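All remarks here apply to the structure that follows.
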Amino acid sequence: MNDILVASIQSKFSDLFNSTPQLIFSPGRINIIGEHTDYNDGFVFPAAIDKGIIAAIDKSDTNFCVVHAYDKNESYQFSLDDIEPITNGNWKNYILGVVAILQEKGKKIEPFNMVFGGDIPSGAGLSSSAALENSVVFGLNELLSLGLSKKEMIFISQQAEHEYAGVKCGIMDQYASMFGQKNKGLLLDCRSIEATSFHIDFKDYELILINTNVNHSLSESAYNDRRSVCEKVASLLYVKALRDATEEGLLKLKSQISEEDFQKALYVIQENNRVHLASMAMESNDIFGLGGLMYKSHSGLQNQYKVSCDELDFLVDKTKEFQEIIGARMMGGGFGGCTINLIKNNSEEILETIIKAYQLKFNIEPSVYQVNIEDGVKML
Ligand code: GLA
């Protein structure tokens, strides 16, 4: 967590509101493997990281709420009556969404002030939006003693994302941000919402993220489209979700659906299986096995599920030139954001070479993040 940012948020809050706030750290997440499986009731393998959102929150003695986005130096004032999503409201909708859903659930929300800022760029695929939603629901739960469990809170965050941000996301991001454990990856069953934690220690290897620093705008609609394809194929297979489907079952349907839809559903079934294989590889310290599964995951996301982009593909392909990198794939929803790489410790020179090659090709400077795996949302 970023101590300088904490101090800045705290002092901005005092300047603006002249009271002593409660402080919350709400982390972003990485995902080792299991992409686009969460909304298919499947398995994912995320972990919370030491980067995320810092929020300061306190009650207001006025009749309205003021939220200040520190990174954008933008304030927004709203009344608690008749909250509606705002068209192109971006960050405001995450806040409004959580508040509105709490109200719908019969929770009495009192006027509050909030300042938030973060050290993960939005669009990096590190779930800054889930981190923000969780910081609001967690902060209000503490501030107003709403009595919500962590599980209830993540579903409120998810509903805010669906109804206010318009992304029909699964539960992975909100879960990982809320329930993260230090140095542990969480093998999460997105149907039962139960996770098994795995100690992460890759010995001579580490996980490094490379941010393409692009975020292609089609990502939201493409995300929702993928989700509806999955639901359509599941219903044709008479199963609740693709988690319950098999490759054999899907093959029988091949002539009735388009090749594109077939490949997408096949990807989900195979990726879900890869998550299990990855957990077995981790259990037996087979990091080469894990790395191989990451490459296969990327290939499926690129060629079957079609949520990658040239920049992500370039970064993943480039890693294949170095034996020090044993696995890489795009991470998160796709169409930009980060790749996650399993790379030998102290491989700075190799990373430098990849950065230069990317810059030469796309004329964009990528960012490299070394992340630590941390506990989930907490009061500071
Ligand atoms: C986004 C969504 C998640 C998940 C991933 C893809 O991060 O918010 O629910 O679907 O994409 O795995």
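Every chain in the structure tokens has a letter given in the order shown (A, B, ...), and although residue numbers restart at 1 in each chain, ligands are simply numbered from 1 in the order shown.
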Next on the checklist: Residues near A:Gly42, anyone? I mean within 8 Å using only C-alpha atoms, not counting same-chain ones fewer than 4 positions away, as a PyMOL selection string.
Outcome noted: chain A and resi 37-38+189-191+242-243+272
Store the residues of this selection in a file with all heavy atoms, as a short mmCIF file (atom, residue, chain, number, x, y, z; two decimals), in the first residue's frame.
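Wrote out-v2.cif, looks like this:
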data_model
loop_
_atom_site.label_atom_id
_atom_site.label_comp_id
_atom_site.auth_asym_id
_atom_site.auth_seq_id
_atom_site.Cartn_x
_atom_site.Cartn_y
_atom_site.Cartn_z
N THR A 37 -14.51 -17.04 -16.85
CA THR A 37 -15.18 -18.24 -16.33
C THR A 37 -16.11 -17.88 -15.18
O THR A 37 -17.02 -18.64 -14.87
CB THR A 37 -14.13 -19.25 -15.82
OG1 THR A 37 -13.13 -18.53 -15.10
CG2 THR A 37 -13.48 -20.02 -16.94
N ASP A 38 -15.90 -16.71 -14.55
CA ASP A 38 -16.67 -16.42 -13.32
C ASP A 38 -18.17 -16.30 -13.58
O ASP A 38 -18.98 -16.85 -12.82
CB ASP A 38 -16.11 -15.20 -12.55
CG ASP A 38 -16.09 -13.89 -13.32
OD1 ASP A 38 -16.35 -13.88 -14.54
OD2 ASP A 38 -15.81 -12.86 -12.67
N ASP A 189 -14.59 -20.97 -6.39
CA ASP A 189 -15.73 -21.56 -7.07
C ASP A 189 -16.79 -20.47 -7.14
O ASP A 189 -17.35 -20.07 -6.12
CB ASP A 189 -16.22 -22.76 -6.25
CG ASP A 189 -17.44 -23.42 -6.87
OD1 ASP A 189 -18.16 -22.75 -7.63
OD2 ASP A 189 -17.69 -24.60 -6.56
N CYS A 190 -17.05 -19.97 -8.34
CA CYS A 190 -17.95 -18.82 -8.47
C CYS A 190 -19.42 -19.22 -8.38
O CYS A 190 -20.29 -18.35 -8.49
CB CYS A 190 -17.69 -18.09 -9.79
SG CYS A 190 -16.03 -17.41 -9.84
N ARG A 191 -19.70 -20.48 -8.17
CA ARG A 191 -21.09 -20.87 -7.91
C ARG A 191 -21.34 -20.89 -6.41
O ARG A 191 -22.26 -20.27 -5.92
CB ARG A 191 -21.40 -22.23 -8.52
CG ARG A 191 -22.78 -22.74 -8.16
CD ARG A 191 -23.19 -23.95 -8.96
NE ARG A 191 -23.63 -23.57 -10.30
CZ ARG A 191 -23.76 -24.43 -11.31
NH1 ARG A 191 -23.44 -25.70 -11.14
NH2 ARG A 191 -24.19 -24.01 -12.48
N LEU A 242 -22.30 -22.71 -18.25
CA LEU A 242 -21.30 -23.50 -18.99
C LEU A 242 -20.38 -24.30 -18.06
O LEU A 242 -19.73 -25.24 -18.51
CB LEU A 242 -20.49 -22.61 -19.92
CG LEU A 242 -21.22 -22.15 -21.19
CD1 LEU A 242 -20.29 -21.32 -22.06
CD2 LEU A 242 -21.76 -23.35 -21.98
N ARG A 243 -20.34 -23.94 -16.82
CA ARG A 243 -19.58 -24.73 -15.86
C ARG A 243 -20.05 -26.19 -15.85
O ARG A 243 -19.28 -27.12 -15.57
CB ARG A 243 -19.79 -24.11 -14.47
CG ARG A 243 -19.10 -24.85 -13.35
CD ARG A 243 -20.14 -25.27 -12.30
NE ARG A 243 -19.55 -25.99 -11.20
CZ ARG A 243 -19.09 -25.43 -10.11
NH1 ARG A 243 -19.12 -24.14 -9.96
NH2 ARG A 243 -18.61 -26.18 -9.16
N ASN A 272 -12.00 -23.47 -17.79
CA ASN A 272 -12.42 -23.92 -16.48
C ASN A 272 -11.58 -25.14 -16.06
O ASN A 272 -11.14 -25.25 -14.91
CB ASN A 272 -13.90 -24.29 -16.57
CG ASN A 272 -14.61 -24.03 -15.29
OD1 ASN A 272 -14.24 -23.15 -14.52
ND2 ASN A 272 -15.62 -24.83 -15.03
#
Residues at most 8 Å from A:Gly97, counting only C-alpha atoms, excluding those fewer than 4 positions away in the same chain, as a PDB file with C-alpha atoms, in the first residue's frame?
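result-v8.pdb was written with the following content:
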ATOM      1  CA  PRO A  85     -27.122   6.293 -13.075  1.00  0.00           C
ATOM      2  CA  ASN A  93     -21.626   5.647 -11.176  1.00  0.00           C
ATOM      3  CA  ILE A 101     -28.371  -0.538  -4.023  1.00  0.00           C
ATOM      4  CA  SER A 157     -20.653  -4.016  -5.438  1.00  0.00           C
ATOM      5  CA  GLN A 159     -24.938  -5.204  -8.643  1.00  0.00           C
ATOM      6  CA  ALA A 160     -23.685  -1.609  -8.775  1.00  0.00           C
ATOM      7  CA  GLU A 161     -21.384  -2.594 -11.636  1.00  0.00           C
ATOM      8  CA  GLU A 163     -26.866  -1.603 -13.008  1.00  0.00           C
ATOM      9  CA  TYR A 164     -24.852   1.612 -12.826  1.00  0.00           C
ATOM     10  CA  ALA A 165     -21.704   0.900 -14.853  1.00  0.00           C
TER      11      ALA A 165
END
Next on the checklist: Show me, as a PyMOL selection string, the residues that have an atom within 9 Å of stretch 293-305 of chain A when counting only C-alpha atoms, minus same-chain residues fewer than 4 positions from it.
Outcome noted: chain A and resi 32-36+226+260-268+270-271+274-275+277-278+288-289+309+313+316+326-331+334+340-342
Next on the checklist: Any residue with an atom at most 8 Å from ligand 1 counts, using only C-alpha atoms and all ligand atoms. Which are they? Put them as a list of chain:residue names.
Outcome noted: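 Residues satisfying the distance criterion: A:Asn31, A:Gly34, A:Glu35, A:His36, A:Thr37, A:Asp38, A:Tyr39, A:Val44, A:Gly125, A:Leu126, A:Ser127, A:Ala130, A:Val167, A:Lys168, A:Cys169, A:Gly170, A:Ile171, A:Met172, A:Asp173, A:Gln174, A:Tyr223, A:Met331, A:Gly332, A:Gly333, A:Gly334.
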Same residues, N, CA, C and O atoms, saved as a tab-separated table (two decimals), in the first residue's frame:
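To be explicit, this is the file written out as selection_20.tsv:
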chain	number	residue	atom	x	y	z
A	31	ASN	N	-5.10	-12.06	-11.60
A	31	ASN	CA	-5.74	-13.37	-11.76
A	31	ASN	C	-4.72	-14.28	-12.42
A	31	ASN	O	-4.23	-13.98	-13.51
A	34	GLY	N	-7.99	-18.47	-15.35
A	34	GLY	CA	-9.44	-18.58	-15.22
A	34	GLY	C	-10.07	-17.25	-15.62
A	34	GLY	O	-10.52	-16.49	-14.78
A	35	GLU	N	-10.07	-17.00	-16.93
A	35	GLU	CA	-10.60	-15.72	-17.41
A	35	GLU	C	-11.94	-15.94	-18.09
A	35	GLU	O	-12.10	-16.89	-18.88
A	36	HIS	N	-12.89	-15.09	-17.79
A	36	HIS	CA	-14.26	-15.18	-18.33
A	36	HIS	C	-14.95	-16.49	-17.94
A	36	HIS	O	-15.85	-16.96	-18.63
A	37	THR	N	-14.51	-17.04	-16.85
A	37	THR	CA	-15.18	-18.24	-16.33
A	37	THR	C	-16.11	-17.88	-15.18
A	37	THR	O	-17.02	-18.64	-14.87
A	38	ASP	N	-15.90	-16.71	-14.55
A	38	ASP	CA	-16.67	-16.42	-13.32
A	38	ASP	C	-18.17	-16.30	-13.58
A	38	ASP	O	-18.98	-16.85	-12.82
A	39	TYR	N	-18.55	-15.62	-14.68
A	39	TYR	CA	-20.00	-15.48	-14.93
A	39	TYR	C	-20.58	-16.73	-15.59
A	39	TYR	O	-21.75	-16.76	-15.97
A	44	VAL	N	-11.97	-19.53	-10.85
A	44	VAL	CA	-10.97	-18.49	-11.15
A	44	VAL	C	-9.87	-18.61	-10.11
A	44	VAL	O	-10.03	-19.32	-9.10
A	125	GLY	N	-6.92	-3.44	-16.16
A	125	GLY	CA	-7.36	-4.82	-15.95
A	125	GLY	C	-7.04	-5.31	-14.55
A	125	GLY	O	-6.95	-6.51	-14.29
A	126	LEU	N	-6.85	-4.36	-13.63
A	126	LEU	CA	-6.54	-4.74	-12.24
A	126	LEU	C	-7.72	-4.45	-11.32
A	126	LEU	O	-7.58	-4.43	-10.10
A	127	SER	N	-8.86	-4.20	-11.93
A	127	SER	CA	-10.11	-4.05	-11.18
A	127	SER	C	-10.17	-2.85	-10.27
A	127	SER	O	-10.59	-2.96	-9.11
A	130	ALA	N	-13.90	-2.48	-9.16
A	130	ALA	CA	-14.36	-3.32	-8.02
A	130	ALA	C	-13.76	-2.80	-6.72
A	130	ALA	O	-14.41	-2.78	-5.68
A	167	VAL	N	-21.84	-3.03	-16.84
A	167	VAL	CA	-21.03	-4.21	-17.17
A	167	VAL	C	-21.55	-5.40	-16.38
A	167	VAL	O	-21.59	-5.36	-15.14
A	168	LYS	N	-21.95	-6.43	-17.11
A	168	LYS	CA	-22.55	-7.60	-16.45
A	168	LYS	C	-21.45	-8.54	-15.96
A	168	LYS	O	-21.34	-9.69	-16.40
A	169	CYS	N	-20.64	-8.02	-15.08
A	169	CYS	CA	-19.44	-8.75	-14.64
A	169	CYS	C	-19.78	-9.95	-13.76
A	169	CYS	O	-20.89	-10.04	-13.22
A	170	GLY	N	-18.82	-10.83	-13.62
A	170	GLY	CA	-18.94	-11.94	-12.67
A	170	GLY	C	-18.56	-11.44	-11.28
A	170	GLY	O	-18.52	-10.22	-11.04
A	171	ILE	N	-18.20	-12.37	-10.40
A	171	ILE	CA	-17.95	-11.98	-9.01
A	171	ILE	C	-16.46	-11.99	-8.66
A	171	ILE	O	-16.08	-11.62	-7.54
A	172	MET	N	-15.61	-12.38	-9.62
A	172	MET	CA	-14.19	-12.55	-9.29
A	172	MET	C	-13.56	-11.31	-8.66
A	172	MET	O	-12.90	-11.40	-7.62
A	173	ASP	N	-13.74	-10.15	-9.30
A	173	ASP	CA	-12.99	-8.96	-8.88
A	173	ASP	C	-13.41	-8.50	-7.49
A	173	ASP	O	-12.56	-8.21	-6.64
A	174	GLN	N	-14.71	-8.45	-7.28
A	174	GLN	CA	-15.20	-8.00	-5.98
A	174	GLN	C	-14.80	-8.99	-4.89
A	174	GLN	O	-14.44	-8.59	-3.78
A	223	TYR	N	-17.83	-7.38	-23.73
A	223	TYR	CA	-17.93	-8.21	-22.52
A	223	TYR	C	-19.36	-8.74	-22.37
A	223	TYR	O	-19.57	-9.94	-22.21
A	331	MET	N	-4.67	-10.58	-18.99
A	331	MET	CA	-5.36	-10.76	-17.72
A	331	MET	C	-6.58	-9.85	-17.64
A	331	MET	O	-6.54	-8.72	-18.10
A	332	GLY	N	-7.67	-10.38	-17.10
A	332	GLY	CA	-8.88	-9.56	-16.93
A	332	GLY	C	-9.80	-9.66	-18.14
A	332	GLY	O	-9.74	-10.62	-18.91
A	333	GLY	N	-10.62	-8.64	-18.31
A	333	GLY	CA	-11.65	-8.67	-19.35
A	333	GLY	C	-11.10	-8.67	-20.78
A	333	GLY	O	-11.68	-9.26	-21.67
A	334	GLY	N	-9.96	-8.02	-20.99
A	334	GLY	CA	-9.32	-8.04	-22.32
A	334	GLY	C	-9.39	-6.71	-23.03
A	334	GLY	O	-9.72	-5.68	-22.43
Item to check | Residues of stretch 25-252 of chain A in helix (DSSP H, G or I), written as a ChimeraX atom specification | outcome: /A:38-40,91-104,128-143,150-165,172-179,219-236,242-244,247-252
Item to check | Selection near stretch 208-213 of chain A, 7 Å with only C-alpha atoms, sequence-local residues under 5 positions removed, as a ChimeraX atom specification | outcome: /A:124,311-312,336-343,366-371
Item to check | Two-atom distance - atom CA of A:Ser279, atom CA of A:Asn134 (Å) | outcome: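 A separation of 26.9 Å between them.
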